[in-house]
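Asker: Next up, start31.txt (compact mmCIF, C-alpha atoms).
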```
# COMPACT_ATOMS: atom_id res chain seq x y z
CA MET A 1 -77.17 -119.12 -128.28
CA GLN A 2 -78.86 -120.66 -131.28
CA ALA A 3 -78.72 -124.41 -131.81
CA LYS A 4 -75.85 -125.60 -133.95
CA ALA A 5 -76.93 -125.90 -137.56
CA LYS A 6 -76.69 -129.30 -139.17
CA SER A 7 -74.07 -129.70 -141.85
CA ALA A 8 -75.13 -130.75 -145.33
CA PRO A 9 -74.83 -134.52 -145.77
CA LYS A 10 -71.33 -135.43 -146.81
CA GLU A 11 -69.81 -138.63 -148.07
CA PRO A 12 -68.02 -140.37 -145.21
CA ASP A 13 -64.91 -140.80 -147.31
CA ALA A 14 -63.21 -137.41 -147.69
CA THR A 15 -61.17 -138.66 -150.64
CA LEU A 16 -64.32 -139.40 -152.62
CA ARG A 17 -65.98 -136.19 -151.53
CA LEU A 18 -63.09 -133.92 -152.47
CA TYR A 19 -62.64 -135.58 -155.86
CA ARG A 20 -66.35 -135.26 -156.60
CA SER A 21 -66.35 -131.55 -155.79
CA LEU A 22 -63.16 -130.81 -157.73
CA ARG A 23 -64.17 -132.82 -160.78
CA ARG A 24 -67.69 -131.37 -160.79
CA ILE A 25 -66.44 -127.78 -160.83
CA ARG A 26 -63.84 -128.55 -163.53
CA ARG A 27 -66.40 -130.22 -165.80
CA VAL A 28 -69.04 -127.54 -165.27
CA GLU A 29 -66.59 -124.87 -166.39
CA GLU A 30 -65.37 -126.94 -169.32
CA GLU A 31 -69.00 -127.22 -170.45
CA ILE A 32 -69.45 -123.46 -170.02
CA ALA A 33 -66.39 -122.95 -172.24
CA ARG A 34 -67.83 -125.37 -174.83
CA LEU A 35 -71.24 -123.67 -174.84
CA TYR A 36 -70.00 -120.08 -174.80
CA PRO A 37 -69.44 -119.62 -178.56
CA SER A 38 -73.09 -120.59 -179.17
CA ASP A 39 -74.15 -117.27 -177.58
CA LYS A 40 -76.68 -119.11 -175.44
CA ILE A 41 -74.80 -117.88 -172.38
CA LYS A 42 -75.66 -114.19 -172.07
CA SER A 43 -73.00 -113.21 -169.56
CA PRO A 44 -69.22 -112.71 -169.64
CA VAL A 45 -67.52 -115.62 -167.86
CA HIS A 46 -64.34 -115.66 -165.78
CA LEU A 47 -63.38 -119.32 -165.42
CA SER A 48 -61.68 -120.65 -162.31
CA ILE A 49 -60.20 -123.68 -164.07
CA GLY A 50 -56.91 -124.41 -162.29
CA GLN A 51 -57.97 -122.62 -159.10
CA GLU A 52 -60.66 -125.08 -157.91
CA GLY A 53 -58.54 -126.63 -155.18
CA ILE A 54 -58.75 -123.51 -153.01
CA ALA A 55 -62.53 -123.19 -152.98
CA VAL A 56 -62.98 -126.91 -152.39
CA GLY A 57 -60.38 -127.04 -149.63
CA VAL A 58 -61.93 -124.13 -147.74
CA CYS A 59 -65.61 -124.93 -148.28
CA ASP A 60 -65.31 -128.63 -147.45
CA ALA A 61 -64.22 -127.66 -143.94
CA LEU A 62 -67.22 -125.35 -143.44
CA GLU A 63 -70.61 -126.26 -142.02
CA ALA A 64 -74.03 -125.50 -143.50
CA ARG A 65 -74.42 -122.49 -141.17
CA ASP A 66 -71.20 -120.90 -142.47
CA ALA A 67 -71.25 -118.43 -145.35
CA VAL A 68 -69.00 -117.46 -148.24
CA SER A 69 -68.55 -114.38 -150.39
CA GLY A 70 -66.76 -114.59 -153.71
CA THR A 71 -65.15 -112.76 -156.56
CA TYR A 72 -66.25 -112.35 -160.17
CA ARG A 73 -64.33 -115.62 -160.78
CA GLY A 74 -66.79 -117.28 -158.43
CA HIS A 75 -68.18 -120.44 -160.07
CA ALA A 76 -65.91 -122.64 -157.92
CA THR A 77 -66.79 -120.85 -154.68
CA TYR A 78 -70.52 -120.99 -155.42
CA LEU A 79 -70.52 -124.70 -156.30
CA ALA A 80 -68.09 -125.78 -153.56
CA LYS A 81 -70.35 -124.22 -150.91
CA GLY A 82 -73.42 -126.00 -152.28
CA GLY A 83 -75.00 -123.45 -154.61
CA SER A 84 -77.60 -124.90 -156.98
CA LEU A 85 -76.07 -125.91 -160.33
CA ASN A 86 -79.42 -125.59 -162.07
CA ALA A 87 -79.80 -122.03 -160.79
CA MET A 88 -76.22 -121.14 -161.75
CA MET A 89 -76.56 -122.40 -165.31
CA ALA A 90 -79.91 -120.64 -165.70
CA GLU A 91 -78.30 -117.45 -164.40
CA LEU A 92 -75.58 -117.66 -167.06
CA TYR A 93 -78.31 -118.09 -169.67
CA GLY A 94 -80.10 -114.99 -168.34
CA LYS A 95 -83.17 -116.98 -167.40
CA ASP A 96 -85.80 -116.21 -164.76
CA THR A 97 -84.96 -119.42 -162.86
CA GLY A 98 -81.39 -118.23 -162.33
CA CYS A 99 -79.99 -117.57 -158.87
CA ALA A 100 -80.32 -113.81 -159.49
CA ARG A 101 -83.37 -114.26 -161.75
CA GLY A 102 -81.19 -113.89 -164.81
CA LYS A 103 -80.16 -110.31 -164.08
CA GLY A 104 -76.74 -110.86 -162.56
CA GLY A 105 -75.03 -113.37 -164.80
CA SER A 106 -71.84 -115.25 -164.07
CA MET A 107 -70.30 -112.48 -161.97
CA HIS A 108 -73.20 -112.05 -159.53
CA LEU A 109 -74.00 -115.48 -158.13
CA ILE A 110 -76.00 -115.74 -154.94
CA ASP A 111 -77.70 -118.59 -153.10
CA MET A 112 -78.69 -117.83 -149.51
CA ARG A 113 -80.04 -121.38 -149.07
CA ALA A 114 -76.43 -122.50 -149.31
CA LYS A 115 -75.16 -119.36 -147.54
CA VAL A 116 -73.51 -117.94 -150.65
CA LEU A 117 -73.72 -114.22 -149.86
CA GLY A 118 -72.89 -113.20 -153.39
CA THR A 119 -70.11 -112.54 -155.85
CA SER A 120 -69.31 -109.23 -157.50
CA ALA A 121 -67.75 -107.90 -160.66
CA VAL A 122 -66.34 -104.91 -158.77
CA VAL A 123 -62.99 -105.89 -157.25
CA GLY A 124 -62.94 -106.04 -153.47
CA THR A 125 -66.52 -105.00 -152.87
CA THR A 126 -67.60 -108.27 -151.28
CA VAL A 127 -64.85 -108.01 -148.62
CA PRO A 128 -66.63 -105.45 -146.39
CA VAL A 129 -69.94 -107.22 -147.06
CA ALA A 130 -68.48 -110.44 -145.68
CA VAL A 131 -67.10 -108.59 -142.65
CA GLY A 132 -70.49 -107.00 -142.01
CA TYR A 133 -72.16 -110.40 -142.19
CA ALA A 134 -69.57 -111.78 -139.78
CA LEU A 135 -70.33 -108.93 -137.36
CA ALA A 136 -74.01 -109.90 -137.50
CA GLN A 137 -73.19 -113.55 -136.80
CA LYS A 138 -71.11 -112.57 -133.78
CA ARG A 139 -73.87 -110.38 -132.35
CA LEU A 140 -76.48 -113.09 -133.01
CA LYS A 141 -74.17 -115.66 -131.39
CA THR A 142 -74.75 -118.18 -134.19
CA GLY A 143 -71.21 -119.52 -134.09
CA ALA A 144 -71.10 -119.21 -137.88
CA VAL A 145 -67.98 -118.27 -139.80
CA VAL A 146 -67.67 -116.39 -143.11
CA ALA A 147 -65.09 -117.34 -145.73
CA CYS A 148 -64.29 -114.25 -147.81
CA PHE A 149 -62.63 -115.08 -151.14
CA LEU A 150 -60.65 -112.36 -152.90
CA GLY A 151 -58.00 -112.07 -155.58
CA ASP A 152 -54.52 -110.58 -155.22
CA GLY A 153 -55.76 -107.46 -157.00
CA ALA A 154 -58.38 -106.90 -154.30
CA THR A 155 -55.65 -106.53 -151.67
CA GLU A 156 -54.77 -103.22 -153.36
CA GLU A 157 -58.22 -101.76 -152.66
CA GLY A 158 -58.70 -99.47 -149.67
CA CYS A 159 -61.63 -101.51 -148.38
CA PHE A 160 -59.30 -104.50 -147.93
CA ALA A 161 -57.20 -102.68 -145.31
CA GLU A 162 -60.26 -101.21 -143.62
CA SER A 163 -62.00 -104.59 -143.49
CA LEU A 164 -58.97 -106.38 -142.05
CA ASN A 165 -58.55 -103.76 -139.34
CA PHE A 166 -62.25 -103.85 -138.42
CA ALA A 167 -62.37 -107.66 -138.36
CA ALA A 168 -59.24 -107.86 -136.22
CA LEU A 169 -60.37 -105.11 -133.85
CA HIS A 170 -63.75 -106.77 -133.23
CA LYS A 171 -62.44 -110.35 -133.45
CA LEU A 172 -64.91 -111.30 -136.17
CA PRO A 173 -65.20 -114.86 -137.50
CA VAL A 174 -63.81 -114.30 -141.00
CA VAL A 175 -61.49 -116.50 -143.04
CA PHE A 176 -59.90 -114.18 -145.59
CA VAL A 177 -58.90 -116.33 -148.57
CA CYS A 178 -56.61 -114.70 -151.15
CA GLU A 179 -56.55 -116.65 -154.41
CA ASN A 180 -53.27 -115.23 -155.67
CA ASN A 181 -52.94 -116.08 -159.36
CA GLY A 182 -50.28 -113.41 -159.87
CA PHE A 183 -52.19 -111.11 -162.22
CA ALA A 184 -54.66 -108.25 -161.89
CA ILE A 185 -56.24 -108.83 -165.31
CA HIS A 186 -52.93 -108.74 -167.28
CA GLU A 187 -50.70 -106.84 -164.84
CA PRO A 188 -48.24 -109.08 -162.94
CA LEU A 189 -47.43 -108.74 -159.28
CA SER A 190 -43.88 -107.60 -160.07
CA LYS A 191 -45.29 -104.37 -161.53
CA ARG A 192 -47.76 -103.81 -158.68
CA TRP A 193 -46.16 -104.83 -155.40
CA ALA A 194 -42.84 -103.63 -153.94
CA THR A 195 -42.59 -106.98 -152.15
CA ASP A 196 -44.59 -110.18 -152.36
CA ARG A 197 -44.80 -110.56 -148.57
CA LEU A 198 -48.59 -110.27 -148.40
CA CYS A 199 -48.89 -112.44 -145.30
CA ALA A 200 -46.34 -110.26 -143.50
CA ARG A 201 -48.45 -107.21 -144.31
CA VAL A 202 -51.62 -108.87 -143.07
CA ALA A 203 -49.91 -109.99 -139.87
CA THR A 204 -49.40 -106.34 -138.86
CA TYR A 205 -53.16 -106.21 -138.26
CA GLY A 206 -52.79 -108.93 -135.65
CA ILE A 207 -54.30 -111.56 -137.95
CA PRO A 208 -52.65 -115.00 -138.21
CA ALA A 209 -51.62 -115.44 -141.84
CA LYS A 210 -50.35 -118.44 -143.77
CA ARG A 211 -49.19 -118.84 -147.37
CA PHE A 212 -49.79 -122.02 -149.39
CA ALA A 213 -47.42 -122.54 -152.30
CA ASP A 214 -50.16 -124.08 -154.44
CA SER A 215 -53.80 -125.19 -154.42
CA ASP A 216 -53.20 -128.18 -152.16
CA THR A 217 -56.81 -129.03 -151.37
CA VAL A 218 -56.09 -131.37 -148.48
CA ALA A 219 -53.58 -129.05 -146.80
CA ILE A 220 -55.89 -126.05 -147.12
CA ARG A 221 -58.80 -128.06 -145.74
CA LYS A 222 -56.81 -129.23 -142.73
CA HIS A 223 -55.66 -125.71 -141.93
CA ILE A 224 -59.18 -124.27 -142.05
CA GLU A 225 -60.69 -127.16 -140.11
CA LYS A 226 -58.13 -126.71 -137.35
CA ALA A 227 -58.77 -122.95 -137.10
CA LEU A 228 -62.58 -123.03 -137.07
CA PRO A 229 -63.28 -124.07 -133.44
CA LYS A 230 -61.30 -121.13 -132.05
CA MET A 231 -62.90 -118.72 -134.51
CA ARG A 232 -66.40 -119.86 -133.52
CA LYS A 233 -65.55 -118.96 -129.91
CA GLY A 234 -64.45 -115.40 -130.67
CA GLY A 235 -60.85 -115.99 -131.62
CA GLY A 236 -61.00 -113.51 -134.48
CA PRO A 237 -60.14 -113.72 -138.19
CA ILE A 238 -57.45 -115.65 -140.01
CA PHE A 239 -55.92 -115.08 -143.44
CA ILE A 240 -54.60 -117.53 -146.01
CA GLU A 241 -52.83 -116.73 -149.25
CA CYS A 242 -52.94 -119.54 -151.83
CA LEU A 243 -50.68 -119.23 -154.85
CA THR A 244 -52.45 -120.53 -157.94
CA TRP A 245 -52.76 -120.16 -161.71
CA ARG A 246 -55.75 -119.54 -163.93
CA TRP A 247 -55.42 -121.80 -166.94
CA ARG A 248 -57.74 -119.82 -169.20
CA GLU A 249 -57.86 -116.15 -170.21
CA HIS A 250 -58.94 -113.41 -167.80
CA VAL A 251 -62.44 -113.25 -169.25
CA GLY A 252 -63.86 -115.76 -171.71
CA PRO A 253 -63.48 -119.44 -172.51
CA GLY A 254 -60.19 -119.33 -174.39
CA GLU A 255 -56.50 -118.92 -173.61
CA ASP A 256 -54.37 -115.78 -173.63
CA TYR A 257 -50.83 -117.09 -173.89
CA ASP A 258 -50.35 -115.57 -177.33
CA ALA A 259 -50.77 -112.10 -175.75
CA GLY A 260 -47.25 -112.42 -174.40
CA PHE A 261 -47.73 -111.49 -170.75
CA ARG A 262 -47.44 -115.07 -169.46
CA SER A 263 -46.07 -118.28 -170.84
CA LYS A 264 -47.21 -121.77 -171.73
CA ALA A 265 -44.20 -123.02 -169.78
CA MET A 266 -45.75 -121.65 -166.58
CA LEU A 267 -49.06 -123.28 -167.47
CA ALA A 268 -47.30 -126.62 -167.86
CA LYS A 269 -45.62 -126.14 -164.49
CA TRP A 270 -48.92 -125.53 -162.75
CA GLN A 271 -50.73 -128.31 -164.59
CA LYS A 272 -48.33 -130.74 -162.94
CA LYS A 273 -49.93 -129.62 -159.65
CA ASP A 274 -53.49 -130.01 -160.92
CA PRO A 275 -55.65 -130.66 -157.82
CA VAL A 276 -58.25 -132.56 -159.85
CA ALA A 277 -55.71 -134.99 -161.26
CA LYS A 278 -54.09 -135.33 -157.84
CA ALA A 279 -57.41 -136.22 -156.21
CA ALA A 280 -58.20 -138.66 -159.02
CA LYS A 281 -55.03 -140.65 -158.35
CA ALA A 282 -56.30 -141.49 -154.87
CA LEU A 283 -59.30 -143.37 -156.29
CA SER A 284 -59.76 -146.56 -158.26
CA ALA A 285 -60.85 -146.44 -161.89
CA LYS A 286 -64.22 -147.87 -160.88
CA GLN A 287 -64.73 -145.18 -158.23
CA ARG A 288 -63.80 -142.40 -160.66
CA ALA A 289 -66.05 -143.77 -163.39
CA ALA A 290 -69.06 -143.88 -161.09
CA ILE A 291 -68.54 -140.32 -159.84
CA ASP A 292 -67.79 -138.99 -163.32
CA ALA A 293 -70.99 -140.51 -164.72
CA GLU A 294 -73.09 -138.89 -161.99
CA ILE A 295 -71.46 -135.53 -162.65
CA GLU A 296 -72.01 -135.72 -166.41
CA ALA A 297 -75.69 -136.56 -165.89
CA GLU A 298 -76.11 -133.67 -163.46
CA ILE A 299 -74.46 -131.18 -165.82
CA ALA A 300 -76.52 -132.35 -168.80
CA ALA A 301 -79.70 -131.95 -166.76
CA ALA A 302 -78.66 -128.45 -165.64
CA ILE A 303 -78.10 -127.37 -169.25
CA VAL A 304 -81.52 -128.74 -170.25
CA PHE A 305 -83.05 -126.89 -167.29
CA ALA A 306 -81.37 -123.62 -168.27
CA GLU A 307 -82.31 -123.87 -171.93
CA ALA A 308 -85.93 -124.77 -171.16
CA SER A 309 -86.40 -121.98 -168.60
CA PRO A 310 -88.09 -118.70 -169.61
CA PHE A 311 -86.44 -115.30 -169.79
CA PRO A 312 -87.69 -112.76 -167.23
CA ALA A 313 -90.80 -110.89 -168.33
CA ILE A 314 -90.14 -107.36 -169.59
CA GLU A 315 -92.18 -105.89 -166.74
CA GLU A 316 -89.73 -107.54 -164.31
CA LEU A 317 -86.80 -105.52 -165.67
CA GLY A 318 -86.56 -103.25 -162.62
CA THR A 319 -87.62 -105.79 -159.97
CA ASP A 320 -84.94 -106.63 -157.38
CA VAL A 321 -82.53 -104.18 -159.04
CA TYR A 322 -80.97 -101.54 -156.79
CA ALA A 323 -78.72 -98.63 -157.66
```
Once more with this new file: its structure as structure tokens, please.
Answerer:
Amino acid sequence: MQAKAKSAPKEPDATLRLYRSLRRIRRVEEEIARLYPSDKIKSPVHLSIGQEGIAVGVCDALEARDAVSGTYRGHATYLAKGGSLNAMMAELYGKDTGCARGKGGSMHLIDMRAKVLGTSAVVGTTVPVAVGYALAQKRLKTGAVVACFLGDGATEEGCFAESLNFAALHKLPVVFVCENNGFAIHEPLSKRWATDRLCARVATYGIPAKRFADSDTVAIRKHIEKALPKMRKGGGPIFIECLTWRWREHVGPGEDYDAGFRSKAMLAKWQKKDPVAKAAKALSAKQRAAIDAEIEAEIAAAIVFAEASPFPAIEELGTDVYA
């Protein structure tokens, strides 16, 4: 068996660490929304504002050797697992220093240094990829776990059922994480599912499943942390469903409440559960100010890095591109 990988350095105080991660993701995406109308960002963006608590809760429990796969709404997953902010911003700008050398954009983030396997614009496609990676980790006896993030819409894809069955059958170390924001683009669950008992469906595969009523970062973290030791020893996959709410529109920096398919009243309800604000209340004003200042400086530097970086050379157009 390979030696246990060292975890990335973490602040000893979990309260500080979780706030820093939540606030950093929120502010990065707010800056993306601010910059987007300038057309400097060359990629469509699907913001995870409002959903950050899930990615942070799961990823904070993971070790450096563990991997994640994400969805097209993957900024939070990528950053929570330790993906390079400079490389992510450059990727959104379409620059050669981006994490996919400027060819993938917001929806195709990857950073194998941080064990971010990748995100995809095609719904559900990263689920079997994560399961395959988990199979490799089991055969290599690394003890590593894969956290596979997916949306509620992805549970309607055939590969979701196939992946769950395969992972359960072979007792693979996968944490399936459903970020259930209630909509597949604009279509609500009530028009797509006969029942909302997703965890009951998953349990028929022999996979322990738990629903969280909101993005409670601390509760999610505790659940994952408790499950990991058994999973590392061959205990098989687990599944969590986290109810959440995307504050912004499906794609783009704005809002979509005037479209009529969801209400501002529901936004207000979910904003009362804002994981960033909740984490902030646990800190002193001095602690928050220090962390916030560091985050602002890091984001400003990442934007400068992205804007100063070159675009890929024209002769590189087909390099690293597979069909």
Asker: What does the distance between CA of Gly50 (chain A) and CA of Lys273 (chain A) come to in Å, to one decimal place?
Answerer: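 Result for CA of Gly50 (chain A) versus CA of Lys273 (chain A): 9.1 Å, one decimal.
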Asker: Considering only C-alpha atoms, return as a ChimeraX atom specification whatever protein or nucleic-acid residues lie within 10 Å of Arg20 (chain A), sequence-local ones (same chain, fewer than 4 positions apart) excluded.
Answerer: /A:11,14-16,24-26,56,276,279-280,288,291-292,294-295
Asker: Any chance you could export the current selection's C-alpha atoms as a PDB file, in the coordinates of the input?
Answerer:
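The result, stored in again29.pdb:
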```
ATOM      1  CA  GLU A  11     -69.810-138.630-148.070  1.00  0.00           C
ATOM      2  CA  ALA A  14     -63.210-137.410-147.690  1.00  0.00           C
ATOM      3  CA  THR A  15     -61.170-138.660-150.640  1.00  0.00           C
ATOM      4  CA  LEU A  16     -64.320-139.400-152.620  1.00  0.00           C
ATOM      5  CA  ARG A  24     -67.690-131.370-160.790  1.00  0.00           C
ATOM      6  CA  ILE A  25     -66.440-127.780-160.830  1.00  0.00           C
ATOM      7  CA  ARG A  26     -63.840-128.550-163.530  1.00  0.00           C
ATOM      8  CA  VAL A  56     -62.980-126.910-152.390  1.00  0.00           C
ATOM      9  CA  VAL A 276     -58.250-132.560-159.850  1.00  0.00           C
ATOM     10  CA  ALA A 279     -57.410-136.220-156.210  1.00  0.00           C
ATOM     11  CA  ALA A 280     -58.200-138.660-159.020  1.00  0.00           C
ATOM     12  CA  ARG A 288     -63.800-142.400-160.660  1.00  0.00           C
ATOM     13  CA  ILE A 291     -68.540-140.320-159.840  1.00  0.00           C
ATOM     14  CA  ASP A 292     -67.790-138.990-163.320  1.00  0.00           C
ATOM     15  CA  GLU A 294     -73.090-138.890-161.990  1.00  0.00           C
ATOM     16  CA  ILE A 295     -71.460-135.530-162.650  1.00  0.00           C
TER      17      ILE A 295
END
```
Asker: Distance CA of Glu316 (chain A)-CA of Lys42 (chain A), one decimal place?
Answerer: 17.4 Å
Asker: With only C-alpha atoms as the atoms that count, which of A:Thr77, A:Thr97, A:Thr195, A:Ser69 lies nearest to Phe311 (chain A)?
Answerer: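 Using only C-alpha atoms, the shortest distance to Phe311 (chain A) belongs to A:Thr97.
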Asker: Please produce, as CSV, a per-residue contact table for region 219-323 of chain A versus region 136-143 of chain A (criterion: any atom at most 9 Å away, all atoms listed in the file considered), showing the nearest atom pair and its distance in Å to one decimal, sorted by chain then residue number.
Answerer:
```
residue,atom,partner,partner_atom,distance
A:Met231,CA,A:Gly143,CA,8.4
A:Arg232,CA,A:Gly143,CA,4.9
A:Lys233,CA,A:Gly143,CA,7.1
A:Gly234,CA,A:Lys138,CA,7.9
```
Asker: Just want the 6 Å neighbourhood of Cys178 (chain A), counted on only C-alpha atoms, with same-chain residues fewer than 4 positions away dropped. Output as an MDAnalysis selection string.
Answerer: chainID A and resid 150:151 241
Asker: For Val68 (chain A), which of A:Val177, A:Leu92, A:Ala213, A:Ala297 is the closest residue, counting all atoms listed in the file?
Answerer: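 Result for the nearest residue to Val68 (chain A): A:Val177.
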Asker: Looking at A:Ser43, A:Gln287, A:Thr71, A:Ser190, which one is nearest to Cys148 (chain A), with distances taken over all atoms listed in the file?
Answerer: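 Using all atoms listed in the file, the shortest distance to Cys148 (chain A) belongs to A:Thr71.
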Asker: In Å, with one decimal, what is the gap from CA of Tyr322 (chain A) to CA of Val145 (chain A)?
Answerer: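 Value for the CA of Tyr322 (chain A)-CA of Val145 (chain A) distance: 27.2 Å.
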Asker: Residues at most 12 Å from Thr217 (chain A), counting all atoms listed in the file, excluding those fewer than 6 positions away in the same chain, as a PyMOL selection string?
Answerer: chain A and resi 14-15+17-19+21-22+50-61+80+223-224+242+244+273-279
Asker: Could you name the residues that touch Pro37 (chain A) at 10 Å or less, counting all atoms listed in the file, but leaving out those on the same chain fewer than 5 positions away, as a CSV table (one decimal) with C-alpha atoms, keeping the file's coordinate frame?
Answerer:
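Once written, result.csv looks like this:
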```
chain,number,residue,atom,x,y,z
A,32,ILE,CA,-69.4,-123.5,-170.0
A,252,GLY,CA,-63.9,-115.8,-171.7
A,253,PRO,CA,-63.5,-119.4,-172.5
```
Asker: Kindly assemble as a tab-separated table a list of the region 11-49 of chain A residues that lie within 12 Å of region 116-131 of chain A, each paired with its nearest atom pair and their distance in Å to one decimal, using all atoms listed in the file, sorted first by chain and then by ascending residue number.
Answerer:
```
residue	atom	partner	partner_atom	distance
A:Ser43	CA	A:Ala121	CA	11.6
A:Pro44	CA	A:Ala121	CA	10.3
A:Val45	CA	A:Ala121	CA	10.6
A:His46	CA	A:Ala121	CA	9.9
```
